file query_28.txt (compact mmCIF, C-alpha atoms and all ligand atoms)
# COMPACT_ATOMS: atom_id res chain seq x y z
CA MET K 88 29.68 -8.43 -11.64
CA SER K 89 26.07 -7.96 -12.76
CA ASN K 90 24.78 -4.60 -14.02
CA ASP K 91 21.36 -5.32 -12.51
CA PRO K 92 21.06 -2.98 -9.49
CA TYR K 93 18.55 -5.43 -7.98
CA ALA K 94 20.86 -8.44 -8.30
CA ASP K 95 20.98 -8.38 -4.49
CA PRO K 96 17.76 -6.52 -3.58
CA TYR K 97 18.36 -6.90 0.18
CA ALA K 98 21.81 -5.29 -0.04
CA LEU K 99 20.32 -2.51 -2.16
CA ALA K 100 17.63 -1.96 0.51
CA THR K 101 20.36 -1.79 3.18
CA ASP K 102 22.17 0.88 1.13
CA ALA K 103 18.91 2.79 0.64
CA ALA K 104 18.21 2.64 4.40
CA THR K 105 21.67 4.04 5.14
CA ALA K 106 21.08 6.88 2.67
CA LEU K 107 17.63 7.47 4.17
CA ARG K 108 19.06 7.80 7.68
CA SER K 109 21.59 10.39 6.60
CA ALA K 110 19.13 12.31 4.38
CA THR K 111 16.48 12.57 7.14
CA GLY K 112 18.64 12.61 10.26
CA VAL K 113 16.33 9.93 11.69
CA ASP K 114 18.21 6.92 12.99
CA SER K 115 15.41 4.39 13.13
CA PHE K 116 11.81 4.36 11.98
CA ASP K 117 8.92 2.63 13.75
CA VAL K 118 6.21 2.55 11.10
CA ALA K 119 6.03 2.98 7.35
CA LEU K 120 2.95 4.13 5.47
CA VAL K 121 2.58 3.73 1.73
CA MET K 122 0.09 6.25 0.38
CA GLY K 123 -1.71 4.96 -2.68
CA SER K 124 -3.71 6.84 -5.29
CA GLY K 125 -5.93 9.38 -3.61
CA TRP K 126 -4.27 8.92 -0.20
CA VAL K 127 -1.38 11.38 -0.62
CA PRO K 128 -3.33 14.41 0.72
CA ALA K 129 -4.13 12.39 3.88
CA ALA K 130 -0.42 12.24 4.78
CA ASP K 131 -0.42 15.76 6.23
CA ALA K 132 -2.50 14.67 9.23
CA ILE K 133 -0.05 12.04 10.48
CA GLY K 134 2.45 14.30 12.21
CA GLU K 135 5.13 16.97 11.90
CA THR K 136 7.36 16.68 8.85
CA VAL K 137 11.01 16.26 9.83
CA ALA K 138 12.37 15.91 6.29
CA GLU K 139 11.10 15.20 2.81
CA ILE K 140 13.12 13.95 -0.13
CA PRO K 141 12.45 12.72 -3.65
CA VAL K 142 12.63 8.92 -3.72
CA THR K 143 15.23 9.21 -6.46
CA ASP K 144 17.71 10.54 -3.87
CA LEU K 145 17.96 6.97 -2.55
CA PRO K 146 19.56 4.01 -4.34
CA GLY K 147 17.15 1.71 -6.16
CA PHE K 148 14.17 4.06 -6.50
CA THR K 149 12.87 5.10 -9.91
CA PRO K 150 10.89 8.26 -10.77
CA ALA K 151 7.09 8.22 -10.31
CA ALA K 152 5.17 7.28 -13.43
CA VAL K 153 1.56 7.99 -12.48
CA ALA K 154 -0.42 11.18 -11.74
CA GLY K 155 -1.23 11.36 -8.02
CA HIS K 156 1.84 9.28 -7.17
CA ALA K 157 4.20 11.95 -5.96
CA GLY K 158 7.34 9.85 -5.60
CA ARG K 159 8.54 11.48 -2.39
CA ILE K 160 9.47 10.13 1.01
CA ARG K 161 8.59 12.04 4.14
CA ALA K 162 9.97 11.48 7.64
CA VAL K 163 7.35 12.41 10.22
CA ARG K 164 7.33 12.65 14.00
CA THR K 165 3.89 11.68 15.33
CA ALA K 166 2.17 13.28 18.32
CA SER K 167 2.87 10.08 20.28
CA GLY K 168 6.59 10.38 19.51
CA ALA K 169 6.88 7.66 16.86
CA ASN K 170 9.05 8.02 13.78
CA ALA K 171 6.93 7.42 10.69
CA LEU K 172 8.23 6.98 7.18
CA ILE K 173 5.66 7.98 4.59
CA PHE K 174 5.93 7.00 0.95
CA LEU K 175 3.96 9.54 -1.08
CA GLY K 176 3.30 7.24 -4.00
CA ARG K 177 4.52 3.79 -4.97
CA THR K 178 5.89 1.84 -7.92
CA HIS K 179 3.43 -0.52 -9.60
CA LEU K 180 4.05 -3.79 -11.40
CA TYR K 181 2.27 -2.44 -14.49
CA GLU K 182 5.07 0.09 -14.96
CA GLY K 183 6.98 -2.82 -16.44
CA ARG K 184 10.18 -2.60 -14.38
CA GLY K 185 9.57 -5.93 -12.71
CA VAL K 186 8.77 -6.86 -9.14
CA GLU K 187 11.92 -5.58 -7.37
CA PRO K 188 11.17 -1.83 -7.63
CA VAL K 189 7.61 -2.52 -6.41
CA VAL K 190 8.83 -3.86 -3.06
CA HIS K 191 12.02 -1.83 -2.66
CA GLY K 192 10.31 0.79 -0.47
CA VAL K 193 9.02 -1.80 1.99
CA ARG K 194 12.38 -3.56 2.09
CA THR K 195 14.17 -0.25 2.65
CA ALA K 196 11.74 0.68 5.44
CA ILE K 197 12.36 -2.64 7.20
CA LYS K 198 16.13 -2.17 6.93
CA ALA K 199 15.54 1.27 8.50
CA GLY K 200 13.94 -0.34 11.55
CA VAL K 201 10.25 -0.44 10.63
CA ARG K 202 8.20 -3.21 12.27
CA THR K 203 4.75 -2.07 11.12
CA VAL K 204 3.81 -1.42 7.50
CA VAL K 205 0.57 0.36 6.60
CA LEU K 206 -0.38 -0.16 2.96
CA THR K 207 -3.13 2.03 1.51
CA ASN K 208 -4.66 1.91 -1.93
CA ALA K 209 -7.57 3.01 -4.04
CA ALA K 210 -9.63 0.13 -5.30
CA GLY K 211 -12.64 -0.90 -7.25
CA GLY K 212 -15.49 -2.22 -5.15
CA LEU K 213 -16.85 -5.67 -5.99
CA ARG K 214 -19.89 -5.37 -3.69
CA PRO K 215 -21.73 -2.16 -4.60
CA GLU K 216 -24.77 -3.58 -2.79
CA THR K 217 -22.95 -2.99 0.52
CA GLN K 218 -20.10 -0.57 -0.34
CA ARG K 219 -20.11 3.18 -0.88
CA VAL K 220 -17.66 5.19 -2.99
CA GLY K 221 -15.39 6.96 -0.51
CA GLU K 222 -15.61 4.12 2.02
CA ALA K 223 -12.39 2.81 3.61
CA ILE K 224 -12.26 -0.97 4.03
CA LEU K 225 -9.76 -3.01 6.03
CA ILE K 226 -8.00 -5.66 3.99
CA SER K 227 -8.51 -9.01 5.74
CA ASP K 228 -6.74 -11.13 3.12
CA HIS K 229 -5.70 -11.04 -0.51
CA ILE K 230 -5.77 -13.02 -3.74
CA ASN K 231 -2.64 -12.42 -5.77
CA LEU K 232 -3.54 -12.60 -9.47
CA THR K 233 -0.59 -10.45 -10.58
CA GLY K 234 1.34 -13.51 -11.74
CA ALA K 235 4.31 -12.16 -9.81
CA ASN K 236 5.92 -12.76 -6.43
CA PRO K 237 8.71 -10.75 -4.81
CA LEU K 238 10.29 -13.93 -3.45
CA SER K 239 12.15 -16.53 -5.39
CA GLY K 240 13.75 -19.81 -4.47
CA ALA K 241 12.47 -22.13 -1.78
CA THR K 242 11.05 -19.24 0.27
CA PHE K 243 7.88 -20.87 1.54
CA ILE K 244 6.69 -17.97 3.67
CA ASP K 245 3.47 -18.66 5.58
CA LEU K 246 0.66 -16.33 4.47
CA THR K 247 -2.07 -17.47 6.85
CA GLU K 248 -2.28 -13.99 8.37
CA VAL K 249 -0.72 -11.46 5.99
CA TYR K 250 -2.89 -8.63 7.32
CA SER K 251 -2.54 -8.58 11.09
CA ARG K 252 -5.69 -9.39 13.03
CA ARG K 253 -4.25 -7.43 15.96
CA LEU K 254 -3.91 -4.28 13.83
CA ARG K 255 -7.39 -4.68 12.36
CA THR K 256 -8.81 -4.91 15.88
CA LEU K 257 -6.86 -1.80 16.84
CA VAL K 258 -8.28 0.14 13.87
CA ARG K 259 -11.79 -0.84 14.91
CA GLU K 260 -11.15 0.70 18.33
CA VAL K 261 -10.73 3.98 16.44
CA GLU K 262 -13.36 3.35 13.77
CA PRO K 263 -15.96 0.88 15.05
CA GLY K 264 -17.96 -0.80 12.36
CA MET K 265 -15.31 -0.42 9.66
CA ALA K 266 -15.87 -3.19 7.11
CA GLU K 267 -13.19 -5.64 6.06
CA GLY K 268 -12.74 -7.54 2.84
CA VAL K 269 -10.58 -9.57 0.50
CA TYR K 270 -8.43 -7.58 -1.94
CA ILE K 271 -7.77 -9.09 -5.35
CA ALA K 272 -4.76 -7.76 -7.25
CA PHE K 273 -4.21 -7.81 -10.98
CA ARG K 274 -1.10 -6.64 -12.77
CA GLY K 275 -3.04 -3.99 -14.75
CA PRO K 276 -2.71 -1.43 -16.28
CA THR K 277 -6.12 -2.15 -17.78
CA TYR K 278 -9.10 -2.26 -15.49
CA GLU K 279 -11.01 -5.55 -15.52
CA THR K 280 -13.58 -6.71 -17.98
CA PRO K 281 -17.08 -7.21 -16.59
CA ALA K 282 -16.48 -10.99 -16.85
CA GLU K 283 -13.31 -10.70 -14.76
CA ILE K 284 -15.22 -8.67 -12.17
CA GLN K 285 -17.84 -11.43 -11.96
CA MET K 286 -15.01 -13.97 -11.57
CA CYS K 287 -13.57 -11.90 -8.71
CA ARG K 288 -16.95 -11.84 -6.98
CA GLY K 289 -17.16 -15.62 -7.36
CA PHE K 290 -13.67 -15.95 -5.90
CA GLY K 291 -14.84 -14.20 -2.75
CA GLY K 292 -13.16 -10.87 -3.44
CA ASP K 293 -14.49 -7.57 -2.11
CA MET K 294 -12.05 -5.05 -3.64
CA VAL K 295 -9.93 -5.13 -6.78
CA GLY K 296 -6.77 -3.21 -7.56
CA MET K 297 -3.23 -3.21 -8.92
CA SER K 298 -1.02 -2.86 -5.85
CA THR K 299 -0.43 -3.81 -2.21
CA VAL K 300 -0.18 -7.62 -2.37
CA LEU K 301 3.49 -7.80 -3.41
CA GLU K 302 4.45 -5.20 -0.81
CA ALA K 303 2.49 -7.12 1.83
CA ILE K 304 4.36 -10.32 0.97
CA ALA K 305 7.72 -8.52 1.15
CA ALA K 306 6.75 -7.01 4.50
CA ARG K 307 5.83 -10.43 5.89
CA GLU K 308 9.08 -11.86 4.61
CA GLY K 309 10.84 -9.08 6.51
CA GLY K 310 8.91 -9.94 9.69
CA ALA K 311 6.86 -6.73 9.81
CA GLU K 312 3.21 -6.58 10.80
CA VAL K 313 0.93 -5.38 7.99
CA LEU K 314 -2.18 -3.22 7.98
CA GLY K 315 -3.94 -2.77 4.64
CA ILE K 316 -6.70 -0.26 3.88
CA SER K 317 -8.55 0.21 0.59
CA LEU K 318 -10.42 3.37 -0.32
CA VAL K 319 -13.24 2.30 -2.61
CA THR K 320 -13.31 4.85 -5.42
CA ASN K 321 -15.43 3.11 -8.06
CA PRO K 322 -17.57 0.03 -8.54
CA GLY K 323 -15.85 -2.71 -10.58
CA ALA K 324 -16.42 -2.67 -14.33
CA GLY K 325 -19.90 -3.60 -15.43
CA LEU K 326 -21.42 -3.43 -11.94
CA VAL K 327 -22.93 -0.02 -12.70
CA GLY K 328 -23.31 1.89 -15.96
CA GLU K 329 -20.23 4.08 -16.40
CA PRO K 330 -16.68 3.29 -17.55
CA LEU K 331 -13.82 3.90 -15.11
CA ASN K 332 -11.25 6.68 -15.12
CA HIS K 333 -8.21 7.59 -13.01
CA GLN K 334 -9.36 11.19 -12.51
CA GLU K 335 -12.34 10.15 -10.41
CA VAL K 336 -9.97 8.14 -8.18
CA LEU K 337 -7.99 11.29 -7.40
CA GLU K 338 -11.18 13.27 -6.81
CA VAL K 339 -12.53 10.75 -4.31
CA GLY K 340 -9.13 10.88 -2.59
CA ARG K 341 -9.23 14.66 -2.30
CA ALA K 342 -12.81 14.55 -1.05
CA THR K 343 -11.99 12.01 1.66
CA ALA K 344 -8.42 13.09 2.52
CA THR K 345 -9.30 14.71 5.84
CA ARG K 346 -11.27 11.68 7.00
CA MET K 347 -8.54 9.23 5.91
CA GLY K 348 -5.83 11.42 7.44
CA ASP K 349 -7.63 11.52 10.79
CA LEU K 350 -8.08 7.75 10.67
CA LEU K 351 -4.39 7.11 9.95
CA ALA K 352 -3.23 9.62 12.57
CA LYS K 353 -5.37 7.90 15.23
CA VAL K 354 -4.23 4.44 14.16
CA VAL K 355 -0.53 5.40 14.13
CA GLY K 356 -1.03 6.98 17.56
CA LYS K 357 -2.13 3.60 18.92
CA LEU K 358 0.72 1.51 17.49
I1 LIG Y 401 -8.99 3.19 -7.97
O1 LIG Y 401 -11.73 -1.11 -10.67
C1 LIG Y 401 -9.07 1.51 -8.85
N1 LIG Y 401 -8.00 0.75 -9.04
N2 LIG Y 401 -7.77 -3.38 -11.08
N3 LIG Y 401 -9.78 -2.23 -10.87
C2 LIG Y 401 -8.43 -2.32 -10.68
N4 LIG Y 401 -7.75 -1.37 -10.07
C3 LIG Y 401 -8.44 -0.31 -9.66
C4 LIG Y 401 -9.81 -0.15 -9.84
C5 LIG Y 401 -10.52 -1.18 -10.48
N5 LIG Y 401 -10.18 1.00 -9.32

call {"tool": "encode", "arguments": {"input": "query_28.txt", "output": "structure tokens", "more": "lines below"}}
Ligand code: 8IG
result
Amino acid sequence: MSNDPYADPYALATDAATALRSATGVDSFDVALVMGSGWVPAADAIGETVAEIPVTDLPGFTPAAVAGHAGRIRAVRTASGANALIFLGRTHLYEGRGVEPVVHGVRTAIKAGVRTVVLTNAAGGLRPETQRVGEAILISDHINLTGANPLSGATFIDLTEVYSRRLRTLVREVEPGMAEGVYIAFRGPTYETPAEIQMCRGFGGDMVGMSTVLEAIAAREGGAEVLGISLVTNPGAGLVGEPLNHQEVLEVGRATATRMGDLLAKVVGKL
């Protein structure tokens, strides 16, 4: 017997889903939303809270390591009658616990019935000429520069359409004119150098961050449809004068929470 709790990550997710059902009294969930940095205050708009628990009540979840990442799971009933599972915070690869904890929430959600996964994040903008701080951008595709992958073995999952075109179209029915772009993920925890930001621009990236891509891959592996949204909170390093800090990310999130909450509530209502 191995001491690694993630030795069978799918069995661990099944156990976590069972614990989630009994802790929330909700038998099956329809949609999961992962609230990234700055997005947590937007969660309140999505529906009526049925139950809320610390993630650490479920097997396989570790305590939150980052300010603004609350580390709680909320079961919500939406106005349209859907059961939503909201992760108030996520585990990042840069925390150094490996890739399994990063995708455990998504795997648990899928074992709990979820067929739609909404991944939100705060990101650096690579195109300040067309992007504004506080703007939400649909993720159309990603470039995974984390050096990690949640899958191992001959798991040649097709990634032609990680971020569902159908869901992006649906969001635009709510928010016409919303931009879309390519999200580039690094492991972090450092922000990029100006040279790396220029590389990302050359690669065709539009946003840069430290999350989302591994969860999106795990969701696709599990057969769920994925919607990704980035909140641009700063221009990438070197694109404007000032250095970057995490505090301004949280401030942009607070300033835009109502708008992002309304957007998510409308989108979830259409699923
Ligand atoms: I918010 O500029 C946020 N997260 N890698 N680079 C990376 N992650 C980020 C950034 C950024 N801004």

call {"tool": "residues_near_ligand", "arguments": {"input": "query_28.txt", "ligand": "ligand LIG 401 (chain Y)", "cutoff": "9 Å", "atoms": "only C-alpha atoms and all ligand atoms", "output": "PyMOL selection string"}}
result
chain K and resi 124-125+208-213+271-279+284+294-298+318-324+331-333+335-337

call {"tool": "closest_residue", "arguments": {"input": "query_28.txt", "among": "K:Ser317, K:Asn90, K:Gln218, K:Thr111", "to": "Pro141 of chain K", "atoms": "only C-alpha atoms"}}
result
K:Thr111

call {"tool": "residues_near_point", "arguments": {"input": "query_28.txt", "point": "(5.1, -6.9, 1.0)", "cutoff": "12 Å", "atoms": "only C-alpha atoms", "output": "PyMOL selection string"}}
result
chain K and resi 119+121+186-197+203-206+229+231+236-238+244+246+249-250+298-315

call {"tool": "residues_near_point", "arguments": {"input": "query_28.txt", "point": "(-1.3, 12.2, 6.5)", "cutoff": "7 Å", "atoms": "only C-alpha atoms", "output": "list in words"}}
result
Pro128, Ala129, Ala130, Asp131, Ala132, Ile133, Gly348, Leu351 and Ala352 of chain K

call {"tool": "closest_residue", "arguments": {"input": "query_28.txt", "among": "K:Val137, K:Leu232, K:Glu222, K:Gly356", "to": "Met286 of chain K", "atoms": "only C-alpha atoms"}}
result
K:Leu232

call {"tool": "atom_distance", "arguments": {"input": "query_28.txt", "atom1": "atom CA of Thr178 of chain K", "atom2": "atom CA of Trp126 of chain K"}}
result
14.6 Å

call {"tool": "atom_distance", "arguments": {"input": "query_28.txt", "atom1": "atom CA of Arg108 of chain K", "atom2": "atom CA of Met347 of chain K"}}
result
27.7 Å

call {"tool": "axis_aligned_box", "arguments": {"input": "query_28.txt", "around": "segment 269-279 of chain K", "padding_each_side": "4 Å", "output": "JSON"}}
result
{"center_x": -6.1, "center_y": -5.5, "center_z": -8.6, "size_x": 17.9, "size_y": 16.1, "size_z": 26.3}

call {"tool": "atom_distance", "arguments": {"input": "query_28.txt", "atom1": "atom CA of Pro92 of chain K", "atom2": "atom CA of Asp245 of chain K"}}
result
28.0 Å

call {"tool": "closest_residue", "arguments": {"input": "query_28.txt", "among": "K:Arg164, K:Arg184, K:His179, K:Lys198", "to": "Ala104 of chain K", "atoms": "all atoms listed in the file"}}
result
K:Lys198

call {"tool": "residues_around", "arguments": {"input": "query_28.txt", "residues": "Val163 of chain K", "least_positions_apart": "6", "cutoff": "6 Å", "atoms": "all atoms listed in the file", "output": "number ranges by chain"}}
result
K: 134-137, 170-171

call {"tool": "closest_residue", "arguments": {"input": "query_28.txt", "among": "K:Thr242, K:Lys357, K:Gly289, K:Gly328", "to": "Arg255 of chain K", "atoms": "only C-alpha atoms"}}
result
K:Lys357

call {"tool": "closest_residue", "arguments": {"input": "query_28.txt", "among": "K:Ala344, K:Val118, K:Leu350, K:Leu225", "to": "Val261 of chain K", "atoms": "all atoms listed in the file"}}
result
K:Leu350

call {"tool": "closest_residue", "arguments": {"input": "query_28.txt", "among": "K:Ala138, K:Leu120, K:Leu107, K:Ala241", "to": "Thr207 of chain K", "atoms": "all atoms listed in the file"}}
result
K:Leu120
